[in-house]
file work37.cif (mmCIF, C-alpha atoms)
data_structure
loop_
_atom_site.label_atom_id
_atom_site.label_comp_id
_atom_site.auth_asym_id
_atom_site.auth_seq_id
_atom_site.Cartn_x
_atom_site.Cartn_y
_atom_site.Cartn_z
CA MET A 1 50.13 8.84 -58.18
CA GLY A 2 49.28 5.89 -60.38
CA ASP A 3 51.18 7.34 -63.34
CA ALA A 4 54.19 8.24 -61.17
CA ALA A 5 54.39 4.71 -59.87
CA VAL A 6 54.42 3.30 -63.35
CA GLY A 7 57.26 5.67 -64.37
CA ALA A 8 59.34 4.73 -61.37
CA ARG A 9 59.08 1.07 -62.10
CA SER A 10 60.08 1.40 -65.77
CA GLY A 11 63.12 3.57 -64.95
CA ARG A 12 64.83 1.12 -62.58
CA GLY A 13 65.38 -1.55 -65.22
CA GLY A 14 67.76 0.59 -67.42
CA GLU A 15 68.49 -0.52 -71.04
CA GLU A 16 67.87 -4.11 -70.28
CA HIS A 17 64.10 -3.68 -69.84
CA ARG A 18 63.53 -0.91 -72.33
CA GLY A 19 60.51 -1.54 -74.50
CA ARG A 20 59.07 -4.35 -72.41
CA PRO A 21 55.54 -3.92 -71.05
CA VAL A 22 55.47 -3.25 -67.29
CA GLU A 23 53.09 -5.86 -65.87
CA SER A 24 52.83 -4.32 -62.37
CA ALA A 25 51.68 -0.88 -63.47
CA GLY A 26 47.99 -1.74 -63.57
CA PRO A 27 47.70 -3.42 -60.18
CA ALA A 28 49.83 -0.74 -58.52
CA ALA A 29 47.51 1.95 -59.71
CA ASP A 30 44.44 -0.01 -58.55
CA ASP A 31 45.83 -0.33 -55.03
CA PHE A 32 45.57 3.42 -54.55
CA VAL A 33 41.95 3.86 -55.55
CA THR A 34 40.21 0.94 -53.83
CA SER A 35 39.39 3.01 -50.77
CA GLY A 36 39.42 6.68 -49.99
CA ASN A 37 41.00 5.99 -46.57
CA ASP A 38 43.46 3.29 -47.40
CA SER A 39 47.14 4.28 -47.27
CA PRO A 40 49.85 2.88 -49.54
CA VAL A 41 52.34 0.43 -48.11
CA GLY A 42 55.25 2.48 -46.80
CA ASP A 43 56.40 4.38 -43.77
CA GLY A 44 53.07 6.21 -43.36
CA ASP A 45 54.52 9.72 -43.41
CA GLY A 46 52.77 10.90 -46.53
CA PRO A 47 49.87 13.35 -46.63
CA GLY A 48 47.46 10.62 -47.64
CA ASP A 49 47.78 8.78 -44.34
CA GLU A 50 44.89 10.66 -42.67
CA GLN A 51 42.31 11.23 -45.36
CA PRO A 52 38.95 12.54 -44.01
CA PRO A 53 35.97 10.33 -44.95
CA THR A 54 34.28 11.44 -48.12
CA ALA A 55 30.58 12.09 -48.52
CA GLN A 56 30.23 9.05 -50.75
CA GLY A 57 31.55 5.66 -49.65
CA GLY A 58 34.37 5.16 -47.17
CA SER A 59 34.36 3.74 -43.71
CA GLY A 60 32.45 6.79 -42.43
CA ASP A 61 29.26 5.15 -43.69
CA ASP A 62 29.78 2.27 -41.28
CA ALA A 63 29.61 4.46 -38.09
CA PRO A 64 26.44 3.79 -35.94
CA GLN A 65 23.82 6.47 -36.29
CA ALA A 66 22.48 8.06 -33.06
CA LYS A 67 18.85 7.06 -32.34
CA GLN A 68 16.33 9.84 -32.53
CA PRO A 69 14.45 10.38 -29.21
CA ARG A 70 10.91 9.07 -29.19
CA SER A 71 8.29 11.71 -29.73
CA PHE A 72 6.49 12.90 -26.56
CA TRP A 73 3.13 12.18 -28.16
CA LYS A 74 4.21 8.60 -28.86
CA GLU A 75 5.32 8.12 -25.25
CA LEU A 76 2.23 9.74 -23.73
CA PRO A 77 -0.10 6.70 -24.16
CA ILE A 78 2.56 4.46 -22.58
CA LEU A 79 2.93 6.80 -19.59
CA ILE A 80 -0.85 6.98 -19.15
CA GLY A 81 -1.11 3.20 -19.30
CA ILE A 82 1.58 2.76 -16.65
CA ALA A 83 -0.09 5.36 -14.41
CA LEU A 84 -3.47 3.60 -14.72
CA VAL A 85 -2.00 0.21 -13.89
CA LEU A 86 -0.20 1.62 -10.83
CA ALA A 87 -3.35 3.41 -9.67
CA LEU A 88 -5.38 0.22 -10.02
CA LEU A 89 -2.81 -1.81 -8.07
CA ILE A 90 -2.67 0.82 -5.32
CA LYS A 91 -6.47 0.88 -5.07
CA THR A 92 -6.70 -2.92 -5.00
CA PHE A 93 -3.91 -3.71 -2.55
CA LEU A 94 -2.79 -0.57 -0.71
CA VAL A 95 -5.03 2.48 -0.29
CA GLN A 96 -8.46 3.52 -1.53
CA ALA A 97 -10.31 6.82 -1.20
CA PHE A 98 -13.87 6.92 0.12
CA SER A 99 -16.34 9.77 0.38
CA ILE A 100 -18.41 10.26 3.55
CA PRO A 101 -22.09 10.39 2.46
CA SER A 102 -23.85 11.07 5.80
CA ASP A 103 -23.55 12.61 9.26
CA SER A 104 -23.46 9.32 11.21
CA MET A 105 -19.77 9.78 12.16
CA GLN A 106 -19.91 13.43 13.22
CA ASN A 107 -17.88 15.14 14.50
CA THR A 108 -15.03 12.78 13.71
CA LEU A 109 -16.05 12.78 10.05
CA GLN A 110 -18.17 15.33 8.23
CA GLN A 111 -20.37 14.74 5.22
CA GLY A 112 -18.24 15.25 2.10
CA ASP A 113 -14.92 14.34 3.74
CA ARG A 114 -12.59 12.12 1.74
CA VAL A 115 -10.81 9.46 3.76
CA LEU A 116 -7.98 7.14 2.78
CA VAL A 117 -8.48 3.52 3.76
CA ASP A 118 -5.59 1.16 4.46
CA LYS A 119 -6.25 -2.06 2.53
CA LEU A 120 -2.77 -3.54 2.89
CA THR A 121 -2.71 -4.83 6.48
CA PRO A 122 -5.76 -7.12 6.06
CA TRP A 123 -3.79 -8.98 3.37
CA PHE A 124 -1.32 -9.98 6.09
CA GLY A 125 -4.02 -11.32 8.42
CA SER A 126 -4.60 -8.19 10.47
CA GLU A 127 -8.15 -7.90 11.83
CA PRO A 128 -10.08 -4.84 13.02
CA GLU A 129 -9.42 -3.71 16.59
CA ARG A 130 -11.53 -1.80 19.09
CA GLY A 131 -11.65 1.93 18.46
CA GLU A 132 -10.66 1.81 14.78
CA VAL A 133 -12.78 3.54 12.15
CA VAL A 134 -13.40 0.98 9.41
CA VAL A 135 -15.06 0.79 6.02
CA PHE A 136 -17.05 -2.37 5.32
CA HIS A 137 -19.40 -3.75 2.69
CA ASP A 138 -23.12 -3.70 3.50
CA PRO A 139 -23.46 -7.00 5.43
CA ASP A 140 -27.22 -7.48 5.01
CA ASN A 141 -29.14 -4.63 3.40
CA TRP A 142 -28.28 -2.00 6.00
CA LEU A 143 -28.57 0.67 3.30
CA ALA A 144 -32.13 -0.19 2.32
CA GLY A 145 -34.02 2.98 1.43
CA GLU A 146 -30.88 5.10 1.21
CA PRO A 147 -30.48 7.14 -2.00
CA THR A 148 -28.13 5.58 -4.55
CA PRO A 149 -25.64 7.94 -6.26
CA ASP A 150 -25.73 8.12 -10.05
CA PRO A 151 -22.17 8.90 -11.22
CA ASN A 152 -21.42 9.69 -14.86
CA LEU A 153 -19.13 7.58 -17.06
CA LEU A 154 -15.97 9.55 -16.21
CA GLN A 155 -16.67 9.32 -12.48
CA LYS A 156 -17.20 5.58 -12.81
CA ALA A 157 -13.88 5.16 -14.62
CA LEU A 158 -11.94 7.28 -12.12
CA SER A 159 -13.61 5.50 -9.22
CA TRP A 160 -12.76 2.10 -10.72
CA ILE A 161 -9.05 2.86 -10.84
CA GLY A 162 -9.09 4.58 -7.45
CA LEU A 163 -8.52 8.19 -8.54
CA MET A 164 -11.92 9.18 -7.14
CA PRO A 165 -13.81 7.96 -4.05
CA SER A 166 -16.00 4.92 -4.50
CA ALA A 167 -19.47 5.99 -5.59
CA GLU A 168 -21.37 2.84 -6.53
CA GLU A 169 -20.13 0.34 -3.96
CA LYS A 170 -22.48 -0.18 -1.02
CA ASP A 171 -20.03 0.55 1.77
CA LEU A 172 -20.44 1.96 5.27
CA ILE A 173 -18.06 3.54 7.75
CA LYS A 174 -18.35 3.13 11.53
CA ARG A 175 -16.23 2.75 14.65
CA VAL A 176 -15.36 -0.71 15.98
CA ILE A 177 -16.67 -1.05 19.55
CA GLY A 178 -16.28 -4.78 20.11
CA VAL A 179 -14.44 -7.72 18.54
CA GLY A 180 -14.92 -11.47 18.81
CA GLY A 181 -15.52 -12.59 22.42
CA ASP A 182 -16.47 -9.13 23.74
CA THR A 183 -19.69 -8.39 25.61
CA ILE A 184 -21.18 -4.97 24.77
CA GLU A 185 -23.85 -3.36 26.92
CA CYS A 186 -25.95 -0.20 26.93
CA LYS A 187 -28.33 0.73 29.77
CA GLY A 188 -30.17 4.01 30.02
CA THR A 189 -28.13 6.81 28.50
CA GLY A 190 -24.84 5.12 29.23
CA PRO A 191 -21.99 4.86 29.58
CA LEU A 192 -21.34 2.21 26.96
CA LYS A 193 -19.64 -0.82 28.52
CA VAL A 194 -17.26 -3.34 26.96
CA ASN A 195 -16.63 -6.45 29.07
CA GLY A 196 -17.95 -4.56 32.08
CA MET A 197 -15.58 -1.62 31.60
CA ALA A 198 -17.16 1.81 31.00
CA LEU A 199 -15.83 3.74 28.01
CA ASN A 200 -15.03 7.43 28.18
CA GLU A 201 -16.04 8.54 24.67
CA PRO A 202 -14.99 12.12 23.87
CA TYR A 203 -15.54 11.43 20.16
CA VAL A 204 -19.33 11.11 20.62
CA TYR A 205 -21.22 13.95 18.92
CA PRO A 206 -21.76 16.88 21.34
CA GLY A 207 -25.23 16.73 22.88
CA ASN A 208 -25.58 12.98 22.24
CA THR A 209 -25.64 10.36 24.98
CA PRO A 210 -23.44 7.28 24.58
CA CYS A 211 -26.55 5.06 24.70
CA SER A 212 -29.98 5.76 23.24
CA GLN A 213 -33.13 5.23 25.26
CA ASP A 214 -35.48 3.52 22.83
CA ASP A 215 -36.97 0.10 22.29
CA GLN A 216 -35.65 -0.34 18.75
CA GLY A 217 -32.13 -1.38 19.69
CA GLY A 218 -30.78 1.46 21.79
CA GLN A 219 -30.81 -0.72 24.91
CA PHE A 220 -28.92 -3.99 24.50
CA LYS A 221 -26.46 -6.52 25.83
CA VAL A 222 -24.78 -8.70 23.21
CA LYS A 223 -21.79 -10.98 22.90
CA VAL A 224 -19.78 -10.69 19.71
CA PRO A 225 -19.05 -14.06 18.05
CA GLU A 226 -15.57 -14.84 16.74
CA GLY A 227 -14.90 -13.54 13.24
CA HIS A 228 -17.30 -10.59 13.70
CA ILE A 229 -17.24 -7.01 15.01
CA TRP A 230 -19.81 -4.70 16.61
CA VAL A 231 -19.82 -1.18 15.14
CA MET A 232 -21.44 2.11 16.13
CA GLY A 233 -21.46 5.64 14.72
CA ASP A 234 -20.03 8.56 16.67
CA HIS A 235 -23.28 10.48 16.10
CA ARG A 236 -25.11 8.07 18.38
CA GLN A 237 -28.63 9.42 17.88
CA ASN A 238 -28.19 9.62 14.08
CA SER A 239 -26.55 6.34 13.09
CA ARG A 240 -28.12 3.16 11.77
CA ASP A 241 -25.43 0.81 13.03
CA SER A 242 -25.19 -2.60 14.71
CA ARG A 243 -27.79 -1.60 17.32
CA TYR A 244 -30.55 -1.14 14.76
CA ASN A 245 -29.73 -4.13 12.57
CA GLN A 246 -29.96 -6.89 15.17
CA GLY A 247 -32.76 -8.48 13.17
CA ASP A 248 -30.54 -9.30 10.17
CA LYS A 249 -28.83 -12.63 9.46
CA ASN A 250 -25.75 -11.58 11.47
CA ASP A 251 -27.67 -10.24 14.51
CA GLY A 252 -26.25 -6.79 13.81
CA MET A 253 -22.65 -7.98 13.69
CA VAL A 254 -20.33 -7.32 10.76
CA PRO A 255 -18.33 -10.29 9.48
CA VAL A 256 -14.62 -9.53 9.43
CA ASP A 257 -14.52 -10.77 5.83
CA GLU A 258 -16.73 -7.80 4.83
CA VAL A 259 -14.26 -5.22 6.18
CA VAL A 260 -12.49 -3.30 3.39
CA GLY A 261 -9.92 -1.68 5.65
CA ARG A 262 -9.21 0.92 8.29
CA ALA A 263 -9.70 4.64 7.62
CA VAL A 264 -6.34 6.18 8.55
CA VAL A 265 -6.50 9.80 7.42
CA ILE A 266 -8.87 12.53 6.26
CA ALA A 267 -7.30 13.61 2.97
CA TRP A 268 -9.81 16.21 1.78
CA PRO A 269 -10.66 19.03 2.23
CA ILE A 270 -7.19 20.32 3.06
CA ASN A 271 -8.33 22.26 6.13
CA ARG A 272 -9.71 19.00 7.57
CA TRP A 273 -6.54 16.98 7.06
CA THR A 274 -5.80 14.78 10.08
CA ASN A 275 -5.13 11.18 11.02
CA LEU A 276 -7.67 8.90 12.71
CA PRO A 277 -5.99 7.28 15.74
CA VAL A 278 -7.51 4.80 18.18
CA PRO A 279 -8.85 6.71 21.24
CA ASP A 280 -7.08 6.13 24.54
CA THR A 281 -10.25 4.79 26.18
CA PHE A 282 -9.76 1.50 24.28
CA ASP A 283 -6.30 1.05 25.82
CA GLN A 284 -7.46 0.93 29.43
CA PRO A 285 -6.35 -2.15 31.40
CA GLY A 286 -8.85 -4.98 31.73
CA LEU A 287 -10.88 -4.03 28.68
CA ALA A 288 -10.08 -7.20 26.73
CA ALA A 289 -12.29 -10.24 27.35
CA GLY A 290 -9.19 -12.46 27.78
CA PRO A 291 -5.43 -12.02 28.08
CA SER A 292 -4.15 -10.05 25.16
CA PRO A 293 -1.31 -11.38 22.98
CA ALA A 294 0.88 -8.60 24.38
CA ALA A 295 0.22 -9.78 27.93
CA VAL A 296 1.07 -13.35 26.98
CA LEU A 297 4.31 -12.23 25.36
CA THR A 298 5.17 -10.16 28.43
CA ALA A 299 4.55 -13.05 30.82
CA ALA A 300 6.32 -15.67 28.75
CA PRO A 301 9.91 -14.42 29.28
CA GLN A 302 9.28 -14.15 33.02
CA GLY A 303 8.05 -17.75 33.16
CA LEU A 304 11.03 -18.96 31.17
CA ALA A 305 13.40 -17.09 33.45
CA LEU A 306 11.80 -18.67 36.55
CA ALA A 307 11.94 -22.14 35.00
CA GLY A 308 15.61 -21.66 34.18
CA ALA A 309 16.46 -20.30 37.62
CA VAL A 310 15.08 -23.26 39.62
CA PRO A 311 17.62 -25.87 38.35
CA LEU A 312 20.44 -23.38 38.85
CA VAL A 313 19.47 -22.79 42.49
CA LEU A 314 19.18 -26.54 43.16
CA TRP A 315 22.59 -27.16 41.56
CA ARG A 316 24.22 -24.45 43.69
CA ARG A 317 22.62 -25.86 46.86
CA ARG A 318 23.89 -29.37 46.11
CA ARG A 319 27.39 -28.06 45.34
CA HIS A 320 27.43 -26.02 48.53
CA GLY A 321 26.30 -29.04 50.56
CA ALA A 322 29.00 -31.26 49.04
CA GLY A 323 31.67 -28.67 49.89
CA GLU A 324 30.56 -28.50 53.48
CA GLY A 325 30.73 -32.30 53.74
CA ARG A 326 34.33 -32.41 52.50
CA ARG A 327 35.46 -29.79 55.00
CA GLU A 328 33.85 -31.63 57.88
CA GLY A 329 35.51 -34.87 56.82
#
call {"tool": "encode", "arguments": {"input": "work37.cif", "output": "C-alpha cells"}}
result
Amino acid sequence: MGDAAVGARSGRGGEEHRGRPVESAGPAADDFVTSGNDSPVGDGDGPGDEQPPTAQGGSGDDAPQAKQPRSFWKELPILIGIALVLALLIKTFLVQAFSIPSDSMQNTLQQGDRVLVDKLTPWFGSEPERGEVVVFHDPDNWLAGEPTPDPNLLQKALSWIGLMPSAEEKDLIKRVIGVGGDTIECKGTGPLKVNGMALNEPYVYPGNTPCSQDDQGGQFKVKVPEGHIWVMGDHRQNSRDSRYNQGDKNDGMVPVDEVVGRAVVIAWPINRWTNLPVPDTFDQPGLAAGPSPAAVLTAAPQGLALAGAVPLVLWRRRRHGAGEGRREG
C-alpha cells in the first residue's frame, strides 16, 4: 500500500509537478507500518480495520496474563498452620478434651472415656454450680503416689494443641457438691446433706452408700468458704476427693481459680456418647444456703409493682374524697 499511495500522490499534480520529488511519500508509507493493528485515516471500511494481533508485537502483548493457581503442595503448609492455630485457640479458650484415667466417677464416667470440657463460660465470670462435673488442677498434691503417664513426642504435640486429651497435666474430675457458703454433712451411710437438705443421688455407683463409714474423712460436717467448692466422686467408696484431703492447705476444698471448666459431653467412645446434665436433686427448693439470684430477680418486680401501686391507690382515694365533697356542697 505504501507504493500505491506514492503513485496516487504523484498523479494528481498533472504536468505541473512532473519530475519533482514527492516529499510526502516516505512519511505516508511509514504511517502504515508503525503498528500491526493501526488503521489508516479514512472511513474505516477497508479490510485492514480489524487486523488480528500478530505473534510478535502488537497490542495483544499488553493483555493481562491469567495467574496460575498455586500448587496444592505449596498451599498445604499454610493450611496446616491455620488448622494448628485454630486448634490451639479452641483448646485455650473454648473446649478441651480430657481422658478419664480412673474409676472414681463410675458409672457416670468410665475409665478411658474422653470428655469435652467447656472452658469458655469461666472467661465470662461463670463459676461452678452444684451438681456439675468439673475438671480442675490438682489443688495440693491430691495425686501423690498416682502413676504418671509417659506420652511420646507426637502425643505431647497433639495434646498441646488440643487434638488429643491432656496427658501430662495434673488434673482431676469430680462432681461439685457444695459451693461457697454451703454446709455439707455426712453421717453414717447417708444420705448426703447440703444445707440440711438430703440429696437423692441416683448417679452414685450401684452398691455404694452416699456416705462412707470410716474415720479417715468419710464422716464430716464442713462449711465451704467463698471462692471454693467441695467435690466428691460418684464412686463414693473408690474416690480420693475432698473428704480425704481435709488435711491439705485448703481443708479439702478446691479453689475456684483451679477449675479448668465443666465437662459437658462424653465424646468417645461413640457408643458412650451423651451429655452430662446437672441432676434434678440439686434443683430442689431450699437447697441454697441463701436466696438465689433467680429468687431475688423474681421478687424484685413484685416489690416494684407494690411500691408503684400504693401512690396510685392513695391518689384515687383523695380524688374520690374530693368529688364527694363537691357533691355535698
call {"tool": "atom_distance", "arguments": {"input": "work37.cif", "atom1": "CA of Gly261 (chain A)", "atom2": "CA of Gly81 (chain A)"}}
result
26.9 Å
call {"tool": "residues_near_point", "arguments": {"input": "work37.cif", "point": "(-28.0, 12.0, 7.3)", "cutoff": "10 Å", "atoms": "only C-alpha atoms", "output": "PyMOL selection string"}}
result
chain A and resi 101-105+111+146+238-240
call {"tool": "residues_around", "arguments": {"input": "work37.cif", "residues": "Val254 (chain A)", "least_positions_apart": "4", "cutoff": "9 Å", "atoms": "only C-alpha atoms", "output": "ChimeraX atom specification"}}
result
/A:136-140,227-231,242,250,258-259
call {"tool": "resolve_selection", "arguments": {"input": "work37.cif", "expression": "the PyMOL selection byres ((chain A and resi 119) around 7)", "output": "tab-separated table (two decimals) with C-alpha atoms, keeping the file's coordinate frame"}}
result
chain	number	residue	atom	x	y	z
A	93	PHE	CA	-3.91	-3.71	-2.55
A	94	LEU	CA	-2.79	-0.57	-0.71
A	95	VAL	CA	-5.03	2.48	-0.29
A	117	VAL	CA	-8.48	3.52	3.76
A	118	ASP	CA	-5.59	1.16	4.46
A	120	LEU	CA	-2.77	-3.54	2.89
A	121	THR	CA	-2.71	-4.83	6.48
A	122	PRO	CA	-5.76	-7.12	6.06
A	260	VAL	CA	-12.49	-3.30	3.39
A	261	GLY	CA	-9.92	-1.68	5.65
call {"tool": "closest_residue", "arguments": {"input": "work37.cif", "among": "A:Arg272, A:Arg130, A:Arg70, A:Arg236", "to": "Thr189 (chain A)", "atoms": "all atoms listed in the file"}}
result
A:Arg236
call {"tool": "closest_residue", "arguments": {"input": "work37.cif", "among": "A:Tyr244, A:Pro285, A:Glu129, A:Asp214", "to": "Asp182 (chain A)", "atoms": "all atoms listed in the file"}}
result
A:Glu129
call {"tool": "atom_distance", "arguments": {"input": "work37.cif", "atom1": "CA of Gly286 (chain A)", "atom2": "CA of Cys211 (chain A)"}}
result
21.5 Å
call {"tool": "closest_residue", "arguments": {"input": "work37.cif", "among": "A:Met232, A:Leu116, A:Val264, A:Leu84", "to": "Glu201 (chain A)", "atoms": "only C-alpha atoms"}}
result
A:Met232
call {"tool": "atom_distance", "arguments": {"input": "work37.cif", "atom1": "CA of Ser99 (chain A)", "atom2": "CA of Arg114 (chain A)"}}
result
4.6 Å
call {"tool": "closest_residue", "arguments": {"input": "work37.cif", "among": "A:Asp248, A:Glu226, A:Glu75, A:Asp257", "to": "Trp142 (chain A)", "atoms": "all atoms listed in the file"}}
result
A:Asp248
call {"tool": "resolve_selection", "arguments": {"input": "work37.cif", "expression": "the PyMOL selection byres ((chain A and resi 108) around 10)", "output": "number ranges by chain"}}
result
A: 103-107, 109-110, 133, 203-205, 233-235, 266, 276
